[in-house]
Amino acid sequence: MKMMKKTLLAASVAAVASSAALANVSDDKVKIGVLADMGGTYADICGQGCVTATQMAVEDFGGTVLGKPIEVISADDQLKPDVGSAIVRKWIENEQVDAVGGMVSSAVTGAATKVTTDAKKIALISTSASNAFTTKACSPYNVHWTYNVVALANGTVKPMVEAGKKKWFFITADYAFGHALEGVATKVINENGGEVVGAARAPLGTTDFSSYILQAQSSGADVVALANAGNDTVNSLKAASEFGLTQMMDVAGLLVFTPNAQAMDPNVAGGMRTTTGFYWDLDDQTREWSKRFMERHGSIPAMGHAGAYSMTMHYLKAVEAAGTDDSDAVIKKMKEMKPDDFFSRNATLRADGRMVHDMYYVEIKKPDERRDDNDIFKVVSTIPGDQAYAPMLPECNFK
Amino acid sequence: MKINKVYVVLLLLALVAPFFLYPVFLAKLLCFALFACAFNLMLGYVGLLSFGHAAFLGTGGYITGWLMMNSGMTPELAILLGTVSAGALGAIYGKLSVKREGIYFAMVTLALSQLVFFIYLQAPFTGGEDGMQGVPRGNLFGMIDLSDNINMYYFVLAVFLFGFWLIHRTIHSPFGQVLKAIRENEPRAVSLGYNVNDYKWVAFTISAALAGLAGSTKTLVFQLASLTDVHWHMSGEVVLMTLVGGVGTILGPVVGAGVIVTMQNYLSGGELGNYLHIIMGFIFVVCVLAFRSGIVGEFQKVWKRNFG
């Protein structure tokens with residue numbers, strides 16, 4: 001019923017807006033393309049789920065904006081930058097897409113945002129980790145919503161260093177994302193008086209982590225940080241537990257998505273701390289949305305899913321407020337308006353396109369703490385956005 | 001005579017196509033068609049299955065991309081140097097691999113191309129997993145603006161026609177006759193006094209250079225060079241294209257590339273996106289089991305039976 005009301009309200013607002021203002025919508029529709037990984041390593045993190053979340057936002061908004069229909073299309077980037085950029089190019093040049101959403105792998109996003117920037121279209125980045133999109137590769141049309149490597153490092157690493165865990169060892173995914181995460185975390189460690197005693201680089205998709213774990217074991221570190229994601233995190237943690245590393249030192253997962261946390265053995269992963277941009281079981285608001293998402297998608301939402309919903313909603317609101325789908329006008333409105341929903345808490349969208357919001361320092365629950373399979377995290381503390389994210393770079397201030 | 005008519009019709013189609021279809025898609029298709037033609041020179045005319053051609057595609061792409069971004073060269077020069085680099089790499093790899101045959105040759109080329117893959121994965125100039133992004137297309141000869149998709153397409157078409165002509169010329173030269181002789185019966189070619197390893201080596205180098213040309217051009221089209229181009233999946237994909245189209249026929253790889261690229265293009269966006277690899281695998285199996293000489297090969301057989 002509540003949902004119904006919302007829809008009606010949104011629809012009537014849209015109807016009024018469209019009849020009142022001279023709506024200026026290109027091609028008589030607002031079209032959002034969702035670029036995601038449908039069948040690869042990150043499919044659980046932002047695959048079909050991101051498409052579903054985006055569609056939910058469109059439906060909750062009423063299906064139309066400024067009297068014109070909103071259309072959502074999607075494609076599989078296969079985690080390849082060339083495939084992703086080709087799809088986005090085709091969408092923009094040939095299929096009248098107004099904004100590109102979804103986006104997982106930072107490599108694909110890097111390539112895709114080059115295309116969107118050249119074409120002056122808005123890129124709504126949900127699940128990519130790299131902080132490059134609002135720093136060295138910043139663009140007036142980039143909007144980076146859910147989290148980034150800086151927030152993860154600040155969230156997870158800082159409290160541990162402050163608590164006296166000074167010596168760190170990294171097990172890093174040996175490609176751009178892992179290096180970036182390790183670099184950012186190293187900076188946080190050094191700034192807070194800790195030191196990095198070593199690092200082992202494991203290729204993406206390693207299944208046997210034993211040699212890396214042995215290096216970590218002999219390093220004499222207080223903490224072993226896993227600067228990897230997805231199955232690599234799951235496998236490295238498993239190896240760490242088999243070698244008894246988890247008893248000797250702390251293990252910090254720098255990027256643990258809910259589906260990965262769910263896949264890990266609670267006996268092993270229980271007690272491990274990490275940082276997330278969203279957790280479904282936070283309060284009534286998050287539970288209400290997450291229940292609806294679960295009904296549609298079948299599993300609990302990861303932070304990227306919630307982010308995809310939230311950013312789509314904000315984009316649509318900005319289109320309505322701007323009275324047009326012209327990218328420059330919409331991005332200006334997006335940055336003026338404060339994002340505020342179940343996902344975006346104490347949030348602002350900065351001029352550089354970074355959405356700064358509260359992050360959560362969480363601990364993976366031990367088996368005896370769990371109610372059911374979906375009961376994964378316990379929130380240790382809330383990290384205010386300005387402490388989690390790095391300040392804006394002057395050259396990325398697109399006012 | 002009959003074949004020439006086919007060529008004229010195809011050329012006319014290629015000239016008008018960008019006004020009906022998306023030019024970037026067509027340009028991609030032509031790049032892969034050239035790549036498959038280069039590969040077919042080895043598999044179809046020398047009878048050697050190289051499982052490492054991605055190394056040359058990627059090398060051409062990365063070198064051209066790097067030059068475009070850092071040297072301020074015009075595109076034609078960058079492409080030329082990319083092609084030469086791929087050719088040089090091909091000359092080295094060819095020297096090492098042509099001494100072996102069959103499965104051993106395939107394994108040696110695969111191993112060598114994996115070496116290149118890991119170098120590109122780690123080398124800072126390639127950008128690793130991110131790939132080399134935002135390569136400018138530049139102005140052809142300093143005059144024609146390639147950022148216009150139609151201009152780009154006609155440039156790619158010209159490059160493709162050059163590559164295709166070169167392969168056609170090679171196959172129909174005395175040199176090409178020797179290659180076919182080696183394919184049919186290597187001991188006999190040896191007994192006739194030909195130094196077969198040198199012939200194979202030259203063919204391998206030409207094939208590598210043309211694969212590099214395809215990679216260089218592709219980088220300009222997409223303004224991106226990535227690890228996908230050097231990954232062994234790419235070496236496999238070109239085998240698939242050539243087999244589907246018809247191995248050992250000059251137009252086969254073009255048709256095969258057309259089929260595979262079109263499929264990837266349309267399936268990745270639709271409902272069947274998740275099943276892309278399954279569908280491609282299925283087609284491969286059907287192709288190998290049911291029509292071994294590929295689309296063009298089967299077509300030629302039917303033509304010969306009825307009209308020849």
# chains A, B, ... in the order shown; residues from 1 in each chain; ligands from 1
$ select_by_dssp --residues "stretch 152-321 of chain A" --states "alpha helix (DSSP H)" --output "JSON list (two decimals) with N, CA and C atoms, in the first residue's frame"
[["chain", "number", "residue", "atom", "x", "y", "z"],
["A", 152, "LEU", "N", 37.63, 2.40, 2.06],
["A", 152, "LEU", "CA", 37.88, 1.07, 2.62],
["A", 152, "LEU", "C", 39.12, 1.09, 3.51],
["A", 153, "ALA", "N", 40.19, 1.74, 3.02],
["A", 153, "ALA", "CA", 41.43, 1.77, 3.78],
["A", 153, "ALA", "C", 41.25, 2.57, 5.07],
["A", 154, "ASN", "N", 40.63, 3.73, 4.94],
["A", 154, "ASN", "CA", 40.40, 4.54, 6.14],
["A", 154, "ASN", "C", 39.52, 3.81, 7.13],
["A", 155, "GLY", "N", 38.49, 3.14, 6.62],
["A", 155, "GLY", "CA", 37.54, 2.48, 7.49],
["A", 155, "GLY", "C", 38.13, 1.30, 8.22],
["A", 156, "THR", "N", 38.87, 0.46, 7.49],
["A", 156, "THR", "CA", 39.33, -0.80, 8.08],
["A", 156, "THR", "C", 40.71, -0.66, 8.72],
["A", 157, "VAL", "N", 41.60, 0.03, 8.04],
["A", 157, "VAL", "CA", 42.99, 0.03, 8.47],
["A", 157, "VAL", "C", 43.22, 0.96, 9.66],
["A", 158, "LYS", "N", 42.65, 2.16, 9.57],
["A", 158, "LYS", "CA", 42.93, 3.17, 10.59],
["A", 158, "LYS", "C", 42.61, 2.71, 12.02],
["A", 159, "PRO", "N", 41.39, 2.21, 12.27],
["A", 159, "PRO", "CA", 41.09, 1.81, 13.65],
["A", 159, "PRO", "C", 42.03, 0.72, 14.16],
["A", 160, "MET", "N", 42.47, -0.15, 13.27],
["A", 160, "MET", "CA", 43.34, -1.24, 13.71],
["A", 160, "MET", "C", 44.74, -0.71, 14.06],
["A", 161, "VAL", "N", 45.25, 0.22, 13.24],
["A", 161, "VAL", "CA", 46.56, 0.80, 13.55],
["A", 161, "VAL", "C", 46.48, 1.56, 14.87],
["A", 162, "GLU", "N", 45.39, 2.30, 15.01],
["A", 162, "GLU", "CA", 45.22, 3.08, 16.24],
["A", 162, "GLU", "C", 45.11, 2.18, 17.46],
["A", 176, "ALA", "N", 45.74, -3.87, -11.28],
["A", 176, "ALA", "CA", 45.57, -2.46, -10.94],
["A", 176, "ALA", "C", 44.77, -2.23, -9.66],
["A", 177, "PHE", "N", 43.64, -2.93, -9.52],
["A", 177, "PHE", "CA", 42.80, -2.70, -8.35],
["A", 177, "PHE", "C", 43.54, -3.04, -7.05],
["A", 178, "GLY", "N", 44.21, -4.20, -7.03],
["A", 178, "GLY", "CA", 44.94, -4.63, -5.83],
["A", 178, "GLY", "C", 46.06, -3.66, -5.49],
["A", 179, "HIS", "N", 46.79, -3.25, -6.50],
["A", 179, "HIS", "CA", 47.89, -2.31, -6.27],
["A", 179, "HIS", "C", 47.37, -1.00, -5.70],
["A", 180, "ALA", "N", 46.25, -0.53, -6.25],
["A", 180, "ALA", "CA", 45.68, 0.73, -5.78],
["A", 180, "ALA", "C", 45.27, 0.60, -4.31],
["A", 181, "LEU", "N", 44.61, -0.51, -4.01],
["A", 181, "LEU", "CA", 44.13, -0.71, -2.64],
["A", 181, "LEU", "C", 45.32, -0.80, -1.68],
["A", 182, "GLU", "N", 46.35, -1.55, -2.08],
["A", 182, "GLU", "CA", 47.53, -1.67, -1.23],
["A", 182, "GLU", "C", 48.20, -0.31, -1.04],
["A", 183, "GLY", "N", 48.30, 0.45, -2.13],
["A", 183, "GLY", "CA", 48.95, 1.76, -2.06],
["A", 183, "GLY", "C", 48.23, 2.69, -1.09],
["A", 184, "VAL", "N", 46.90, 2.74, -1.22],
["A", 184, "VAL", "CA", 46.12, 3.63, -0.37],
["A", 184, "VAL", "C", 46.21, 3.19, 1.09],
["A", 185, "ALA", "N", 46.12, 1.87, 1.31],
["A", 185, "ALA", "CA", 46.17, 1.36, 2.68],
["A", 185, "ALA", "C", 47.55, 1.61, 3.30],
["A", 186, "THR", "N", 48.60, 1.45, 2.50],
["A", 186, "THR", "CA", 49.96, 1.70, 2.99],
["A", 186, "THR", "C", 50.10, 3.14, 3.47],
["A", 187, "LYS", "N", 49.50, 4.04, 2.70],
["A", 187, "LYS", "CA", 49.57, 5.46, 3.07],
["A", 187, "LYS", "C", 48.91, 5.68, 4.43],
["A", 188, "VAL", "N", 47.73, 5.06, 4.61],
["A", 188, "VAL", "CA", 47.02, 5.22, 5.88],
["A", 188, "VAL", "C", 47.84, 4.64, 7.02],
["A", 189, "ILE", "N", 48.48, 3.50, 6.80],
["A", 189, "ILE", "CA", 49.28, 2.86, 7.84],
["A", 189, "ILE", "C", 50.45, 3.76, 8.23],
["A", 190, "ASN", "N", 51.17, 4.26, 7.23],
["A", 190, "ASN", "CA", 52.33, 5.11, 7.52],
["A", 190, "ASN", "C", 51.93, 6.39, 8.23],
["A", 191, "GLU", "N", 50.82, 6.97, 7.79],
["A", 191, "GLU", "CA", 50.38, 8.24, 8.40],
["A", 191, "GLU", "C", 50.02, 8.06, 9.86],
["A", 210, "SER", "N", 48.84, -21.06, -0.48],
["A", 210, "SER", "CA", 49.69, -21.51, 0.63],
["A", 210, "SER", "C", 51.05, -20.80, 0.67],
["A", 211, "SER", "N", 51.68, -20.59, -0.50],
["A", 211, "SER", "CA", 53.01, -19.97, -0.46],
["A", 211, "SER", "C", 52.93, -18.52, 0.03],
["A", 212, "TYR", "N", 51.84, -17.85, -0.30],
["A", 212, "TYR", "CA", 51.69, -16.46, 0.15],
["A", 212, "TYR", "C", 51.43, -16.41, 1.66],
["A", 213, "ILE", "N", 50.66, -17.38, 2.12],
["A", 213, "ILE", "CA", 50.35, -17.42, 3.55],
["A", 213, "ILE", "C", 51.62, -17.70, 4.35],
["A", 214, "LEU", "N", 52.49, -18.58, 3.81],
["A", 214, "LEU", "CA", 53.74, -18.87, 4.51],
["A", 214, "LEU", "C", 54.62, -17.63, 4.60],
["A", 215, "GLN", "N", 54.64, -16.86, 3.52],
["A", 215, "GLN", "CA", 55.39, -15.59, 3.57],
["A", 215, "GLN", "C", 54.84, -14.69, 4.65],
["A", 216, "ALA", "N", 53.52, -14.63, 4.72],
["A", 216, "ALA", "CA", 52.88, -13.78, 5.72],
["A", 216, "ALA", "C", 53.23, -14.25, 7.13],
["A", 217, "GLN", "N", 53.23, -15.58, 7.28],
["A", 217, "GLN", "CA", 53.48, -16.17, 8.59],
["A", 217, "GLN", "C", 54.88, -15.82, 9.10],
["A", 231, "ASN", "N", 36.33, -14.06, -5.08],
["A", 231, "ASN", "CA", 36.79, -15.39, -4.72],
["A", 231, "ASN", "C", 38.20, -15.40, -4.17],
["A", 232, "ASP", "N", 39.02, -14.42, -4.57],
["A", 232, "ASP", "CA", 40.38, -14.36, -4.04],
["A", 232, "ASP", "C", 40.36, -14.17, -2.53],
["A", 233, "THR", "N", 39.45, -13.34, -2.05],
["A", 233, "THR", "CA", 39.33, -13.13, -0.61],
["A", 233, "THR", "C", 38.92, -14.43, 0.07],
["A", 234, "VAL", "N", 37.92, -15.07, -0.52],
["A", 234, "VAL", "CA", 37.42, -16.31, 0.06],
["A", 234, "VAL", "C", 38.53, -17.35, 0.15],
["A", 235, "ASN", "N", 39.27, -17.52, -0.96],
["A", 235, "ASN", "CA", 40.32, -18.55, -0.99],
["A", 235, "ASN", "C", 41.51, -18.21, -0.10],
["A", 236, "SER", "N", 41.91, -16.94, -0.08],
["A", 236, "SER", "CA", 43.07, -16.60, 0.74],
["A", 236, "SER", "C", 42.74, -16.74, 2.22],
["A", 237, "LEU", "N", 41.52, -16.41, 2.58],
["A", 237, "LEU", "CA", 41.13, -16.54, 3.98],
["A", 237, "LEU", "C", 41.08, -18.02, 4.40],
["A", 238, "LYS", "N", 40.59, -18.81, 3.47],
["A", 238, "LYS", "CA", 40.52, -20.25, 3.75],
["A", 238, "LYS", "C", 41.92, -20.80, 4.01],
["A", 239, "ALA", "N", 42.87, -20.42, 3.14],
["A", 239, "ALA", "CA", 44.25, -20.89, 3.31],
["A", 239, "ALA", "C", 44.82, -20.37, 4.63],
["A", 240, "ALA", "N", 44.53, -19.12, 4.97],
["A", 240, "ALA", "CA", 45.04, -18.54, 6.21],
["A", 240, "ALA", "C", 44.58, -19.34, 7.41],
["A", 241, "SER", "N", 43.33, -19.78, 7.35],
["A", 241, "SER", "CA", 42.80, -20.55, 8.47],
["A", 241, "SER", "C", 43.41, -21.94, 8.53],
["A", 242, "GLU", "N", 43.62, -22.56, 7.36],
["A", 242, "GLU", "CA", 44.20, -23.90, 7.32],
["A", 242, "GLU", "C", 45.62, -23.92, 7.87],
["A", 245, "LEU", "N", 47.08, -19.33, 10.53],
["A", 245, "LEU", "CA", 47.50, -17.93, 10.55],
["A", 245, "LEU", "C", 46.51, -17.08, 11.34],
["A", 246, "THR", "N", 45.22, -17.46, 11.24],
["A", 246, "THR", "CA", 44.20, -16.66, 11.90],
["A", 246, "THR", "C", 44.36, -16.68, 13.42],
["A", 247, "GLN", "N", 45.02, -17.73, 13.94],
["A", 247, "GLN", "CA", 45.26, -17.74, 15.39],
["A", 247, "GLN", "C", 46.47, -16.87, 15.77],
["A", 248, "MET", "N", 47.44, -16.77, 14.83],
["A", 248, "MET", "CA", 48.67, -16.05, 15.13],
["A", 248, "MET", "C", 48.52, -14.54, 15.00],
["A", 258, "THR", "N", 28.93, -8.53, 0.65],
["A", 258, "THR", "CA", 28.06, -9.45, 1.37],
["A", 258, "THR", "C", 27.97, -10.85, 0.75],
["A", 259, "PRO", "N", 27.86, -10.97, -0.60],
["A", 259, "PRO", "CA", 27.79, -12.34, -1.14],
["A", 259, "PRO", "C", 29.06, -13.14, -0.82],
["A", 260, "ASN", "N", 30.23, -12.47, -0.80],
["A", 260, "ASN", "CA", 31.47, -13.18, -0.46],
["A", 260, "ASN", "C", 31.47, -13.56, 1.01],
["A", 261, "ALA", "N", 31.02, -12.63, 1.86],
["A", 261, "ALA", "CA", 30.98, -12.92, 3.29],
["A", 261, "ALA", "C", 30.05, -14.09, 3.55],
["A", 262, "GLN", "N", 28.97, -14.13, 2.76],
["A", 262, "GLN", "CA", 28.00, -15.21, 2.91],
["A", 262, "GLN", "C", 28.61, -16.55, 2.50],
["A", 263, "ALA", "N", 29.51, -16.49, 1.50],
["A", 263, "ALA", "CA", 30.11, -17.72, 0.98],
["A", 263, "ALA", "C", 31.20, -18.25, 1.89],
["A", 266, "PRO", "N", 31.65, -19.37, 8.35],
["A", 266, "PRO", "CA", 31.60, -18.46, 9.51],
["A", 266, "PRO", "C", 32.61, -18.82, 10.59],
["A", 267, "ASN", "N", 32.99, -20.10, 10.68],
["A", 267, "ASN", "CA", 33.99, -20.50, 11.67],
["A", 267, "ASN", "C", 35.33, -19.85, 11.38],
["A", 268, "VAL", "N", 35.59, -19.65, 10.09],
["A", 268, "VAL", "CA", 36.87, -19.06, 9.68],
["A", 268, "VAL", "C", 36.78, -17.54, 9.64],
["A", 269, "ALA", "N", 35.71, -17.06, 9.02],
["A", 269, "ALA", "CA", 35.61, -15.63, 8.77],
["A", 269, "ALA", "C", 35.10, -14.86, 9.98],
["A", 284, "ASP", "N", 15.04, 0.03, 9.95],
["A", 284, "ASP", "CA", 13.79, -0.28, 9.25],
["A", 284, "ASP", "C", 13.81, 0.12, 7.78],
["A", 285, "GLN", "N", 14.41, 1.29, 7.54],
["A", 285, "GLN", "CA", 14.45, 1.78, 6.15],
["A", 285, "GLN", "C", 15.22, 0.82, 5.24],
["A", 286, "THR", "N", 16.40, 0.39, 5.70],
["A", 286, "THR", "CA", 17.19, -0.51, 4.86],
["A", 286, "THR", "C", 16.51, -1.86, 4.74],
["A", 287, "ARG", "N", 15.85, -2.29, 5.82],
["A", 287, "ARG", "CA", 15.19, -3.60, 5.77],
["A", 287, "ARG", "C", 14.00, -3.57, 4.82],
["A", 288, "GLU", "N", 13.27, -2.46, 4.83],
["A", 288, "GLU", "CA", 12.09, -2.36, 3.97],
["A", 288, "GLU", "C", 12.51, -2.50, 2.51],
["A", 289, "TRP", "N", 13.54, -1.73, 2.12],
["A", 289, "TRP", "CA", 13.99, -1.80, 0.72],
["A", 289, "TRP", "C", 14.59, -3.17, 0.41],
["A", 290, "SER", "N", 15.40, -3.66, 1.34],
["A", 290, "SER", "CA", 16.10, -4.93, 1.10],
["A", 290, "SER", "C", 15.12, -6.08, 0.95],
["A", 291, "LYS", "N", 13.99, -6.04, 1.71],
["A", 291, "LYS", "CA", 12.99, -7.09, 1.58],
["A", 291, "LYS", "C", 12.42, -7.10, 0.17],
["A", 292, "ARG", "N", 12.11, -5.88, -0.31],
["A", 292, "ARG", "CA", 11.56, -5.79, -1.66],
["A", 292, "ARG", "C", 12.58, -6.28, -2.68],
["A", 293, "PHE", "N", 13.83, -5.93, -2.46],
["A", 293, "PHE", "CA", 14.89, -6.37, -3.38],
["A", 293, "PHE", "C", 15.01, -7.90, -3.34],
["A", 294, "MET", "N", 14.95, -8.44, -2.13],
["A", 294, "MET", "CA", 15.09, -9.89, -1.97],
["A", 294, "MET", "C", 13.97, -10.63, -2.70],
["A", 295, "GLU", "N", 12.75, -10.07, -2.62],
["A", 295, "GLU", "CA", 11.64, -10.72, -3.31],
["A", 295, "GLU", "C", 11.88, -10.79, -4.81],
["A", 296, "ARG", "N", 12.48, -9.73, -5.33],
["A", 296, "ARG", "CA", 12.72, -9.67, -6.77],
["A", 296, "ARG", "C", 13.94, -10.47, -7.19],
["A", 297, "HIS", "N", 14.98, -10.41, -6.37],
["A", 297, "HIS", "CA", 16.28, -10.92, -6.82],
["A", 297, "HIS", "C", 16.64, -12.26, -6.20],
["A", 303, "MET", "N", 26.29, -3.95, -1.30],
["A", 303, "MET", "CA", 26.27, -2.49, -1.28],
["A", 303, "MET", "C", 26.11, -1.88, -2.67],
["A", 304, "GLY", "N", 26.65, -2.57, -3.69],
["A", 304, "GLY", "CA", 26.53, -2.06, -5.05],
["A", 304, "GLY", "C", 25.09, -1.99, -5.53],
["A", 305, "HIS", "N", 24.28, -2.96, -5.12],
["A", 305, "HIS", "CA", 22.87, -2.97, -5.51],
["A", 305, "HIS", "C", 22.14, -1.77, -4.92],
["A", 306, "ALA", "N", 22.33, -1.59, -3.61],
["A", 306, "ALA", "CA", 21.66, -0.47, -2.95],
["A", 306, "ALA", "C", 22.14, 0.85, -3.55],
["A", 307, "GLY", "N", 23.44, 0.91, -3.84],
["A", 307, "GLY", "CA", 24.00, 2.12, -4.45],
["A", 307, "GLY", "C", 23.38, 2.38, -5.81],
["A", 308, "ALA", "N", 23.19, 1.32, -6.59],
["A", 308, "ALA", "CA", 22.62, 1.48, -7.93],
["A", 308, "ALA", "C", 21.20, 2.06, -7.84],
["A", 309, "TYR", "N", 20.43, 1.58, -6.86],
["A", 309, "TYR", "CA", 19.08, 2.11, -6.67],
["A", 309, "TYR", "C", 19.14, 3.58, -6.30],
["A", 310, "SER", "N", 19.96, 3.86, -5.29],
["A", 310, "SER", "CA", 20.03, 5.20, -4.74],
["A", 310, "SER", "C", 20.48, 6.22, -5.79],
["A", 311, "MET", "N", 21.48, 5.87, -6.57],
["A", 311, "MET", "CA", 22.00, 6.84, -7.54],
["A", 311, "MET", "C", 21.03, 7.05, -8.69],
["A", 312, "THR", "N", 20.32, 5.98, -9.07],
["A", 312, "THR", "CA", 19.33, 6.12, -10.14],
["A", 312, "THR", "C", 18.21, 7.06, -9.69],
["A", 313, "MET", "N", 17.77, 6.86, -8.45],
["A", 313, "MET", "CA", 16.71, 7.71, -7.88],
["A", 313, "MET", "C", 17.15, 9.17, -7.88],
["A", 314, "HIS", "N", 18.37, 9.39, -7.44],
["A", 314, "HIS", "CA", 18.88, 10.76, -7.37],
["A", 314, "HIS", "C", 18.98, 11.38, -8.76],
["A", 315, "TYR", "N", 19.40, 10.58, -9.71],
["A", 315, "TYR", "CA", 19.50, 11.06, -11.09],
["A", 315, "TYR", "C", 18.13, 11.47, -11.62],
["A", 316, "LEU", "N", 17.14, 10.61, -11.37],
["A", 316, "LEU", "CA", 15.80, 10.90, -11.88],
["A", 316, "LEU", "C", 15.21, 12.14, -11.23],
["A", 317, "LYS", "N", 15.46, 12.27, -9.92],
["A", 317, "LYS", "CA", 14.98, 13.47, -9.23],
["A", 317, "LYS", "C", 15.61, 14.71, -9.83],
["A", 318, "ALA", "N", 16.89, 14.60, -10.16],
["A", 318, "ALA", "CA", 17.60, 15.74, -10.73],
["A", 318, "ALA", "C", 17.08, 16.07, -12.13],
["A", 319, "VAL", "N", 16.75, 15.03, -12.90],
["A", 319, "VAL", "CA", 16.18, 15.27, -14.23],
["A", 319, "VAL", "C", 14.88, 16.06, -14.09],
["A", 320, "GLU", "N", 14.07, 15.62, -13.12],
["A", 320, "GLU", "CA", 12.80, 16.30, -12.92],
["A", 320, "GLU", "C", 13.00, 17.75, -12.47],
["A", 321, "ALA", "N", 13.93, 17.93, -11.54],
["A", 321, "ALA", "CA", 14.17, 19.28, -11.03],
["A", 321, "ALA", "C", 14.76, 20.19, -12.10]]
$ closest_atom_pairs --of "chain B" --to "chain A" --cutoff "12 Å" --atoms "only C-alpha atoms" --output "CSV"
residue,atom,partner,partner_atom,distance
B:Phe20,CA,A:Asn94,CA,11.6
B:Leu21,CA,A:Asn94,CA,9.7
B:Tyr22,CA,A:Asn94,CA,7.2
B:Pro23,CA,A:Lys90,CA,9.8
B:Val24,CA,A:Lys90,CA,8.0
B:Phe25,CA,A:Lys90,CA,8.3
B:Leu26,CA,A:Lys90,CA,11.8
B:Ala27,CA,A:Ala86,CA,11.6
B:Lys28,CA,A:Ala86,CA,9.5
B:Phe118,CA,A:Pro203,CA,10.4
B:Tyr120,CA,A:Tyr175,CA,11.3
B:Leu121,CA,A:Tyr175,CA,7.7
B:Gln122,CA,A:Tyr175,CA,8.0
B:Ala123,CA,A:Tyr175,CA,10.9
B:Pro124,CA,A:Ala176,CA,10.0
B:Thr126,CA,A:Ala176,CA,10.9
B:Gly127,CA,A:Ala176,CA,7.6
B:Gly128,CA,A:Ala176,CA,6.3
B:Glu129,CA,A:Ala176,CA,5.9
B:Asp130,CA,A:Ala107,CA,4.0
B:Gly131,CA,A:Ala107,CA,7.1
B:Met132,CA,A:Ala111,CA,8.5
B:Gln133,CA,A:Ala111,CA,5.8
B:Gly134,CA,A:Lys114,CA,6.2
B:Val135,CA,A:Lys114,CA,9.8
B:Pro136,CA,A:Lys114,CA,11.1
B:Ser147,CA,A:Asp118,CA,10.8
B:Asp148,CA,A:Glu93,CA,11.6
B:Asn149,CA,A:Glu93,CA,10.0
B:Lys218,CA,A:Asp82,CA,10.2
B:Thr219,CA,A:Asp82,CA,9.4
B:Leu220,CA,A:Asp82,CA,11.8
B:Val221,CA,A:Ala86,CA,9.7
B:Phe222,CA,A:Ala86,CA,6.9
B:Gln223,CA,A:Asp82,CA,9.0
B:Leu224,CA,A:Asp82,CA,6.6
B:Ala225,CA,A:Asp82,CA,7.5
B:Ser226,CA,A:Asp82,CA,6.7
B:Leu227,CA,A:Lys80,CA,8.4
B:Thr228,CA,A:Lys80,CA,6.7
B:Asp229,CA,A:Asp82,CA,9.0
B:His231,CA,A:Lys80,CA,11.1
B:His233,CA,A:Lys80,CA,12.0
B:Val261,CA,A:Val83,CA,11.3
B:Gln264,CA,A:Val83,CA,9.5
B:Asn265,CA,A:Ile87,CA,8.4
B:Tyr266,CA,A:Ala75,CA,10.0
B:Leu267,CA,A:Ala75,CA,9.1
B:Ser268,CA,A:Asp76,CA,5.7
B:Gly269,CA,A:Ala75,CA,4.4
B:Gly270,CA,A:Ala75,CA,7.1
B:Glu271,CA,A:Ala75,CA,9.1
B:Leu272,CA,A:Asp76,CA,10.1
B:Gly273,CA,A:Asp76,CA,6.4
B:Asn274,CA,A:Gly39,CA,5.7
B:Tyr275,CA,A:Gly39,CA,8.5
B:Leu276,CA,A:Gly39,CA,9.6
B:His277,CA,A:Gly39,CA,9.8
B:Ile278,CA,A:Gly39,CA,11.4
$ residues_around --residues "B:Val98" --least-positions-apart "3" --cutoff "9 Å" --atoms "only C-alpha atoms" --output "ChimeraX atom specification"
/B:48,93-95,101,105,197-198,200-201,204
$ residues_around --residues "stretch 279-296 of chain B" --least-positions-apart "3" --cutoff "8 Å" --atoms "only C-alpha atoms" --output "PDB file with C-alpha atoms, in the first residue's frame"
ATOM      1  CA  LEU B 240      36.853 -20.316 -34.106  1.00  0.00           C
ATOM      2  CA  LEU B 243      36.908 -22.661 -38.726  1.00  0.00           C
ATOM      3  CA  VAL B 244      33.348 -21.341 -38.825  1.00  0.00           C
ATOM      4  CA  GLY B 245      34.037 -19.356 -41.970  1.00  0.00           C
ATOM      5  CA  GLY B 246      36.045 -22.021 -43.733  1.00  0.00           C
ATOM      6  CA  VAL B 247      39.695 -22.768 -43.254  1.00  0.00           C
ATOM      7  CA  THR B 249      39.431 -20.389 -48.294  1.00  0.00           C
ATOM      8  CA  LEU B 251      36.903 -15.393 -47.927  1.00  0.00           C
ATOM      9  CA  GLY B 252      36.218 -17.886 -45.130  1.00  0.00           C
ATOM     10  CA  VAL B 255      32.680 -14.558 -43.146  1.00  0.00           C
ATOM     11  CA  GLY B 256      33.668 -16.313 -39.905  1.00  0.00           C
ATOM     12  CA  ILE B 260      31.268 -14.344 -34.548  1.00  0.00           C
ATOM     13  CA  TYR B 275      24.722 -17.744 -22.487  1.00  0.00           C
ATOM     14  CA  LEU B 276      27.049 -16.140 -25.017  1.00  0.00           C
ATOM     15  CA  PHE B 299      29.051 -23.131 -50.054  1.00  0.00           C
ATOM     16  CA  GLN B 300      31.861 -23.717 -52.550  1.00  0.00           C
TER      17      GLN B 300
END
$ atom_distance --atom1 "atom CA of B:Leu57" --atom2 "atom CA of A:Thr207"
29.4 Å
$ select_by_dssp --residues "stretch 30-219 of chain B" --states "strand (DSSP E)" --output "PyMOL selection string"
chain B and resi 132-133+139-140+144-145
$ write_last_selection --atoms "C-alpha atoms" --output "short mmCIF file (atom, residue, chain, number, x, y, z; two decimals), in the first residue's frame"
data_model
loop_
_atom_site.label_atom_id
_atom_site.label_comp_id
_atom_site.auth_asym_id
_atom_site.auth_seq_id
_atom_site.Cartn_x
_atom_site.Cartn_y
_atom_site.Cartn_z
CA MET B 132 45.55 1.63 -22.28
CA GLN B 133 42.62 4.00 -22.23
CA ASN B 139 44.33 13.10 -37.95
CA LEU B 140 45.22 10.82 -40.82
CA ILE B 144 41.60 13.81 -42.14
CA ASP B 145 39.93 13.83 -38.74
#
